[in-house]
$ cat coords-v8.txt   # compact mmCIF, C-alpha atoms and all ligand atoms
# COMPACT_ATOMS: atom_id res chain seq x y z
CA MET A 1 66.24 -2.23 34.37
CA GLU A 2 63.09 -2.34 36.43
CA ILE A 3 60.12 -0.44 35.05
CA ASN A 4 56.59 0.27 36.23
CA VAL A 5 54.15 0.92 33.43
CA THR A 6 50.40 1.36 33.68
CA VAL A 7 48.82 -0.33 30.69
CA ASN A 8 45.07 -0.01 30.20
CA GLY A 9 44.74 0.85 33.90
CA THR A 10 46.83 -2.04 35.26
CA VAL A 11 50.28 -1.43 36.72
CA TYR A 12 52.96 -3.83 35.48
CA GLN A 13 56.36 -4.09 37.10
CA ARG A 14 58.94 -5.82 34.95
CA GLU A 15 62.68 -6.22 34.54
CA VAL A 16 63.55 -5.33 30.94
CA GLU A 17 66.61 -4.90 28.77
CA PRO A 18 67.32 -1.22 28.11
CA ARG A 19 67.10 -1.81 24.35
CA LEU A 20 63.64 -3.43 24.45
CA LEU A 21 61.09 -1.57 22.32
CA LEU A 22 57.69 -0.74 23.75
CA VAL A 23 55.94 -2.70 20.99
CA HIS A 24 57.82 -5.84 22.00
CA PHE A 25 57.23 -5.19 25.69
CA LEU A 26 53.49 -5.02 25.04
CA ARG A 27 53.34 -8.03 22.74
CA ASP A 28 55.95 -10.39 24.16
CA GLU A 29 56.06 -9.47 27.84
CA LEU A 30 52.42 -8.57 28.48
CA ARG A 31 50.91 -10.67 25.65
CA LEU A 32 48.88 -7.70 24.43
CA THR A 33 49.11 -8.76 20.82
CA GLY A 34 46.42 -6.39 19.59
CA THR A 35 49.23 -3.93 18.98
CA HIS A 36 50.75 -5.08 15.73
CA TRP A 37 54.36 -4.99 14.70
CA GLY A 38 55.04 -4.22 11.07
CA CYS A 39 58.21 -2.48 9.97
CA ASP A 40 60.16 -1.59 13.10
CA THR A 41 61.37 1.48 11.25
CA SER A 42 58.63 4.02 12.01
CA ASN A 43 57.05 3.73 8.57
CA CYS A 44 53.86 1.69 8.81
CA GLY A 45 52.12 2.92 11.98
CA THR A 46 50.49 -0.39 12.79
CA CYS A 47 52.13 -0.23 16.23
CA VAL A 48 50.39 2.98 17.38
CA VAL A 49 49.40 3.10 21.06
CA TRP A 50 48.88 6.00 23.42
CA LEU A 51 51.70 7.05 25.72
CA ASP A 52 49.90 9.08 28.37
CA GLU A 53 47.37 10.87 26.15
CA VAL A 54 49.32 10.96 22.92
CA PRO A 55 49.46 8.40 20.07
CA VAL A 56 52.99 7.16 19.45
CA LYS A 57 54.53 4.55 17.23
CA SER A 58 55.53 2.02 19.85
CA CYS A 59 58.43 0.78 17.73
CA THR A 60 60.03 4.19 18.20
CA VAL A 61 59.76 4.13 22.00
CA LEU A 62 61.90 2.10 24.37
CA ALA A 63 60.03 0.26 27.08
CA VAL A 64 62.16 2.08 29.67
CA MET A 65 60.84 5.40 28.31
CA ALA A 66 57.36 4.30 29.38
CA ASP A 67 58.51 3.83 32.97
CA GLY A 68 56.13 5.78 35.22
CA HIS A 69 53.76 6.50 32.34
CA ARG A 70 50.38 5.29 31.13
CA VAL A 71 49.96 3.29 27.96
CA ARG A 72 46.65 2.63 26.27
CA THR A 73 46.40 -0.10 23.67
CA VAL A 74 43.57 -1.34 21.51
CA GLU A 75 42.68 -3.81 24.26
CA GLY A 76 41.85 -0.76 26.40
CA LEU A 77 39.55 0.85 23.86
CA ALA A 78 36.27 -0.83 24.81
CA ASP A 79 35.14 -0.01 28.34
CA GLY A 80 33.53 -3.35 29.09
CA ALA A 81 30.00 -2.13 28.43
CA GLY A 82 30.42 -2.47 24.67
CA LEU A 83 32.60 -1.50 21.79
CA ASP A 84 34.03 1.97 21.55
CA PRO A 85 32.16 3.93 18.84
CA VAL A 86 35.37 3.87 16.80
CA GLN A 87 35.40 0.07 16.88
CA GLU A 88 31.72 -0.01 16.03
CA GLY A 89 32.33 2.43 13.17
CA PHE A 90 35.00 0.20 11.67
CA ARG A 91 32.58 -2.72 11.98
CA GLN A 92 29.65 -0.88 10.45
CA CYS A 93 31.55 0.75 7.60
CA HIS A 94 33.91 -2.10 6.73
CA GLY A 95 36.92 -0.05 7.79
CA LEU A 96 39.15 -3.09 7.65
CA GLN A 97 40.01 -5.92 5.36
CA CYS A 98 43.04 -7.88 6.58
CA GLY A 99 42.96 -5.94 9.86
CA PHE A 100 46.70 -5.52 10.18
CA CYS A 101 46.61 -1.73 10.29
CA THR A 102 43.35 -1.58 12.23
CA PRO A 103 44.45 -1.40 15.88
CA GLY A 104 46.77 1.49 15.15
CA MET A 105 44.17 3.23 12.99
CA MET A 106 41.59 2.95 15.76
CA MET A 107 43.93 4.31 18.42
CA THR A 108 44.64 7.36 16.26
CA ALA A 109 40.94 7.75 15.45
CA ARG A 110 40.01 7.68 19.15
CA TRP A 111 42.58 10.37 19.87
CA LEU A 112 41.33 12.47 16.96
CA LEU A 113 37.71 12.32 18.10
CA ASP A 114 38.71 13.17 21.68
CA ASN A 115 40.42 16.28 20.36
CA ASN A 116 38.19 17.09 17.40
CA PRO A 117 34.72 15.57 17.76
CA ASP A 118 33.62 16.63 14.28
CA PRO A 119 36.59 16.03 11.99
CA SER A 120 36.40 16.61 8.26
CA GLU A 121 37.57 14.03 5.77
CA GLU A 122 40.77 16.05 5.44
CA ASP A 123 41.29 16.05 9.23
CA ILE A 124 40.89 12.27 9.33
CA ARG A 125 43.23 11.69 6.42
CA GLU A 126 45.82 13.95 8.00
CA ALA A 127 45.52 12.21 11.38
CA VAL A 128 46.23 8.78 9.87
CA SER A 129 48.75 10.07 7.35
CA GLY A 130 51.61 8.36 9.19
CA GLN A 131 49.88 5.00 9.00
CA LEU A 132 49.71 2.66 6.05
CA CYS A 133 46.78 0.55 4.94
CA ARG A 134 47.50 -1.74 2.03
CA CYS A 135 43.90 -2.93 1.67
CA THR A 136 41.13 -0.37 2.00
CA GLY A 137 42.26 2.60 -0.02
CA TYR A 138 41.45 4.58 3.16
CA GLU A 139 37.95 5.42 1.95
CA ASN A 140 36.22 3.13 4.41
CA ILE A 141 38.54 4.16 7.21
CA VAL A 142 37.43 7.76 6.73
CA ARG A 143 33.79 6.60 6.66
CA SER A 144 34.30 4.58 9.84
CA VAL A 145 35.69 7.54 11.75
CA ARG A 146 32.89 9.80 10.48
CA TRP A 147 30.36 7.14 11.59
CA ALA A 148 31.88 7.20 15.08
CA ALA A 149 31.86 11.01 15.17
CA GLU A 150 28.21 11.19 14.14
CA HIS A 151 27.11 8.52 16.58
CA GLU A 152 28.98 10.07 19.47
CA ALA A 153 27.39 13.44 18.69
CA ALA A 154 23.94 11.80 18.55
CA GLN A 155 24.55 10.01 21.87
CA GLU A 156 25.58 13.25 23.52
CA GLU A 157 22.40 14.93 22.29
CA VAL A 158 20.28 12.14 23.78
CA GLN A 159 22.13 12.43 27.11
CA ALA A 160 21.84 16.25 27.19
S1 LIG B 201 56.07 -1.24 13.40
FE1 LIG B 201 56.08 0.76 14.19
S2 LIG B 201 55.82 2.06 12.48
FE2 LIG B 201 55.88 0.04 11.63
S1 LIG B 202 43.04 -3.48 6.42
FE1 LIG B 202 44.77 -4.53 5.63
S2 LIG B 202 46.38 -3.11 5.97
FE2 LIG B 202 44.60 -1.99 6.48

$ encode --input "coords-v8.txt" --output "structure tokens"
Amino acid sequence: MEINVTVNGTVYQREVEPRLLLVHFLRDELRLTGTHWGCDTSNCGTCVVWLDEVPVKSCTVLAVMADGHRVRTVEGLADGAGLDPVQEGFRQCHGLQCGFCTPGMMMTARWLLDNNPDPSEEDIREAVSGQLCRCTGYENIVRSVRWAAEHEAAQEEVQA
């Protein structure tokens, strides 16, 4: 089937098998390997990307379901002028160790902050509750997202 998908602002037209998963379309067809592939069974959450404005596990979505839609991956997080505050937060607060869960965690964190700019620890833990991290114990992930929230709030104050 032919699909047209806008990924990180670029339109891609491709012929794909109907059974192809979005995670494999991104990684194998578009070579956007920042989206990781872990379990294929909707358990780990390392494959999270945005479909339109909503985080989804891209191993649960067929590539053909993204036809005519927008996808945002971790490669589309930074705007070119610098890291997204979420990325900077993970860097500053050691929010990653092996990094396998990190792209998915950051995509969920960005969505959370867009929808709740001042999330509590509980809000953050709930937002990433469908995603597994085998390394950090989540503590530094929570700190990283709080760092991003606080720095975005401070930036907005400066700009106001
Ligand atoms: S690869 Fe998608 S949830 Fe694990
Ligand atoms: S940093 Fe290793 S799985 Fe999260």

$ atom_distance --input "coords-v8.txt" --atom1 "atom CA of A:Lys57" --atom2 "atom CA of A:Gln92"
26.4 Å

$ closest_residue --input "coords-v8.txt" --among "A:Ala153, A:Val145, A:Leu30, A:Cys133" --to "A:Asn43" --atoms "all atoms listed in the file"
A:Cys133

$ residues_around --input "coords-v8.txt" --residues "A:Pro103" --least-positions-apart "5" --cutoff "9 Å" --atoms "all atoms listed in the file" --output "NGL selection string"
:A and (34-36 or 46-49 or 73-75 or 108)

$ residues_near_point --input "coords-v8.txt" --point "(37.7, -2.5, 17.1)" --cutoff "12 Å" --atoms "all atoms listed in the file" --output "VMD selection string"
chain A and resid 34 to 35 73 to 79 82 to 96 99 to 107 109 to 110 141 144 to 145 148

$ residues_near_ligand --input "coords-v8.txt" --ligand "ligand LIG 201 (chain B)" --cutoff "6 Å" --atoms "all atoms listed in the file" --output "number ranges by chain"
A: 37-47, 57-59

$ closest_residue --input "coords-v8.txt" --among "A:Leu112, A:Leu21, A:Val71, A:Val64" --to "A:Asn8" --atoms "all atoms listed in the file"
A:Val71

$ atom_distance --input "coords-v8.txt" --atom1 "atom CA of A:Val54" --atom2 "atom CA of A:Pro119"
17.5 Å

$ atom_distance --input "coords-v8.txt" --atom1 "atom FE2 of ligand LIG 202 (chain B)" --atom2 "atom CA of A:Ile124"
15.0 Å

$ closest_residue --input "coords-v8.txt" --among "A:Thr136, A:Ala154, A:Trp147, A:Leu26" --to "A:Gln97" --atoms "only C-alpha atoms"
A:Thr136

$ axis_aligned_box --input "coords-v8.txt" --around "stretch 124-127 of chain A" --padding-each-side "6 Å" --output "lines of an AutoDock Vina configuration file"
center_x = 43.4
center_y = 12.8
center_z = 8.9
size_x = 16.9
size_y = 14.3
size_z = 17.0

$ decode --input "coords-v8.txt" --residues "stretch 57-87 of chain A" --atoms "N, CA, C and O atoms" --output "mmCIF file, in the first residue's frame"
data_model
loop_
_atom_site.group_PDB
_atom_site.id
_atom_site.type_symbol
_atom_site.label_atom_id
_atom_site.label_comp_id
_atom_site.auth_asym_id
_atom_site.auth_seq_id
_atom_site.Cartn_x
_atom_site.Cartn_y
_atom_site.Cartn_z
ATOM 1 N N LYS A 57 2.619 3.889 21.474
ATOM 2 C CA LYS A 57 3.660 2.874 21.339
ATOM 3 C C LYS A 57 3.671 2.453 19.873
ATOM 4 O O LYS A 57 2.682 1.878 19.389
ATOM 5 N N SER A 58 4.759 2.761 19.189
ATOM 6 C CA SER A 58 4.746 2.589 17.734
ATOM 7 C C SER A 58 4.812 1.130 17.312
ATOM 8 O O SER A 58 4.689 0.824 16.132
ATOM 9 N N CYS A 59 4.971 0.216 18.287
ATOM 10 C CA CYS A 59 4.862 -1.211 17.944
ATOM 11 C C CYS A 59 3.413 -1.667 17.989
ATOM 12 O O CYS A 59 3.124 -2.823 17.680
ATOM 13 N N THR A 60 2.518 -0.770 18.380
ATOM 14 C CA THR A 60 1.096 -1.138 18.403
ATOM 15 C C THR A 60 0.328 -0.469 17.256
ATOM 16 O O THR A 60 -0.892 -0.553 17.203
ATOM 17 N N VAL A 61 1.075 0.223 16.395
ATOM 18 C CA VAL A 61 0.444 0.977 15.306
ATOM 19 C C VAL A 61 1.008 0.450 13.984
ATOM 20 O O VAL A 61 2.228 0.306 13.846
ATOM 21 N N LEU A 62 0.145 0.185 13.046
ATOM 22 C CA LEU A 62 0.616 -0.194 11.710
ATOM 23 C C LEU A 62 1.041 1.067 10.962
ATOM 24 O O LEU A 62 0.433 2.138 11.136
ATOM 25 N N ALA A 63 2.029 0.923 10.131
ATOM 26 C CA ALA A 63 2.479 2.080 9.348
ATOM 27 C C ALA A 63 1.322 2.652 8.524
ATOM 28 O O ALA A 63 1.201 3.875 8.383
ATOM 29 N N VAL A 64 0.464 1.785 8.018
ATOM 30 C CA VAL A 64 -0.656 2.279 7.193
ATOM 31 C C VAL A 64 -1.637 3.124 8.019
ATOM 32 O O VAL A 64 -2.349 3.959 7.472
ATOM 33 N N MET A 65 -1.654 2.911 9.343
ATOM 34 C CA MET A 65 -2.538 3.720 10.193
ATOM 35 C C MET A 65 -2.006 5.141 10.331
ATOM 36 O O MET A 65 -2.725 6.046 10.752
ATOM 37 N N ALA A 66 -0.735 5.335 10.006
ATOM 38 C CA ALA A 66 -0.155 6.687 10.082
ATOM 39 C C ALA A 66 -0.317 7.437 8.761
ATOM 40 O O ALA A 66 0.085 8.608 8.662
ATOM 41 N N ASP A 67 -0.895 6.782 7.779
ATOM 42 C CA ASP A 67 -1.100 7.435 6.481
ATOM 43 C C ASP A 67 -1.922 8.717 6.666
ATOM 44 O O ASP A 67 -2.995 8.694 7.277
ATOM 45 N N GLY A 68 -1.385 9.827 6.164
ATOM 46 C CA GLY A 68 -2.102 11.105 6.277
ATOM 47 C C GLY A 68 -1.951 11.778 7.618
ATOM 48 O O GLY A 68 -2.581 12.805 7.868
ATOM 49 N N HIS A 69 -1.112 11.212 8.482
ATOM 50 C CA HIS A 69 -0.939 11.772 9.825
ATOM 51 C C HIS A 69 0.485 12.284 10.018
ATOM 52 O O HIS A 69 1.377 12.053 9.205
ATOM 53 N N ARG A 70 0.673 12.946 11.178
ATOM 54 C CA ARG A 70 1.988 13.472 11.541
ATOM 55 C C ARG A 70 2.582 12.608 12.642
ATOM 56 O O ARG A 70 1.890 12.245 13.604
ATOM 57 N N VAL A 71 3.851 12.313 12.483
ATOM 58 C CA VAL A 71 4.579 11.552 13.493
ATOM 59 C C VAL A 71 5.730 12.425 13.979
ATOM 60 O O VAL A 71 6.385 13.109 13.181
ATOM 61 N N ARG A 72 5.947 12.417 15.269
ATOM 62 C CA ARG A 72 7.102 13.128 15.820
ATOM 63 C C ARG A 72 7.946 12.112 16.588
ATOM 64 O O ARG A 72 7.434 11.394 17.457
ATOM 65 N N THR A 73 9.208 12.066 16.253
ATOM 66 C CA THR A 73 10.112 11.135 16.926
ATOM 67 C C THR A 73 11.146 11.932 17.712
ATOM 68 O O THR A 73 11.193 13.160 17.633
ATOM 69 N N VAL A 74 12.000 11.214 18.416
ATOM 70 C CA VAL A 74 13.007 11.895 19.227
ATOM 71 C C VAL A 74 13.929 12.756 18.365
ATOM 72 O O VAL A 74 14.434 13.780 18.825
ATOM 73 N N GLU A 75 14.090 12.373 17.096
ATOM 74 C CA GLU A 75 14.920 13.197 16.216
ATOM 75 C C GLU A 75 14.281 14.565 15.967
ATOM 76 O O GLU A 75 14.967 15.500 15.539
ATOM 77 N N GLY A 76 12.977 14.672 16.215
ATOM 78 C CA GLY A 76 12.272 15.937 16.002
ATOM 79 C C GLY A 76 12.070 16.725 17.283
ATOM 80 O O GLY A 76 11.303 17.688 17.317
ATOM 81 N N LEU A 77 12.773 16.330 18.336
ATOM 82 C CA LEU A 77 12.568 17.009 19.623
ATOM 83 C C LEU A 77 13.326 18.335 19.680
ATOM 84 O O LEU A 77 12.770 19.361 20.060
ATOM 85 N N ALA A 78 14.587 18.320 19.323
ATOM 86 C CA ALA A 78 15.367 19.563 19.301
ATOM 87 C C ALA A 78 14.932 20.375 18.081
ATOM 88 O O ALA A 78 14.595 19.817 17.051
ATOM 89 N N ASP A 79 14.940 21.703 18.227
ATOM 90 C CA ASP A 79 14.443 22.524 17.112
ATOM 91 C C ASP A 79 15.575 23.077 16.239
ATOM 92 O O ASP A 79 15.357 23.908 15.385
ATOM 93 N N GLY A 80 16.767 22.626 16.468
ATOM 94 C CA GLY A 80 17.885 23.104 15.659
ATOM 95 C C GLY A 80 18.686 24.153 16.391
ATOM 96 O O GLY A 80 19.896 24.273 16.223
ATOM 97 N N ALA A 81 18.007 24.934 17.250
ATOM 98 C CA ALA A 81 18.698 25.995 17.990
ATOM 99 C C ALA A 81 19.366 25.437 19.241
ATOM 100 O O ALA A 81 20.158 26.098 19.891
ATOM 101 N N GLY A 82 19.047 24.233 19.611
ATOM 102 C CA GLY A 82 19.610 23.645 20.828
ATOM 103 C C GLY A 82 18.752 22.492 21.260
ATOM 104 O O GLY A 82 17.755 22.168 20.601
ATOM 105 N N LEU A 83 19.142 21.880 22.353
ATOM 106 C CA LEU A 83 18.371 20.757 22.857
ATOM 107 C C LEU A 83 17.025 21.227 23.390
ATOM 108 O O LEU A 83 16.897 22.356 23.887
ATOM 109 N N ASP A 84 16.048 20.373 23.306
ATOM 110 C CA ASP A 84 14.786 20.613 23.999
ATOM 111 C C ASP A 84 15.077 20.584 25.499
ATOM 112 O O ASP A 84 15.956 19.830 25.946
ATOM 113 N N PRO A 85 14.388 21.392 26.300
ATOM 114 C CA PRO A 85 14.617 21.369 27.748
ATOM 115 C C PRO A 85 14.510 19.960 28.356
ATOM 116 O O PRO A 85 15.204 19.647 29.325
ATOM 117 N N VAL A 86 13.672 19.132 27.776
ATOM 118 C CA VAL A 86 13.570 17.757 28.280
ATOM 119 C C VAL A 86 14.896 17.021 28.052
ATOM 120 O O VAL A 86 15.397 16.319 28.948
ATOM 121 N N GLN A 87 15.466 17.184 26.873
ATOM 122 C CA GLN A 87 16.762 16.536 26.605
ATOM 123 C C GLN A 87 17.836 17.084 27.544
ATOM 124 O O GLN A 87 18.650 16.347 28.084
#
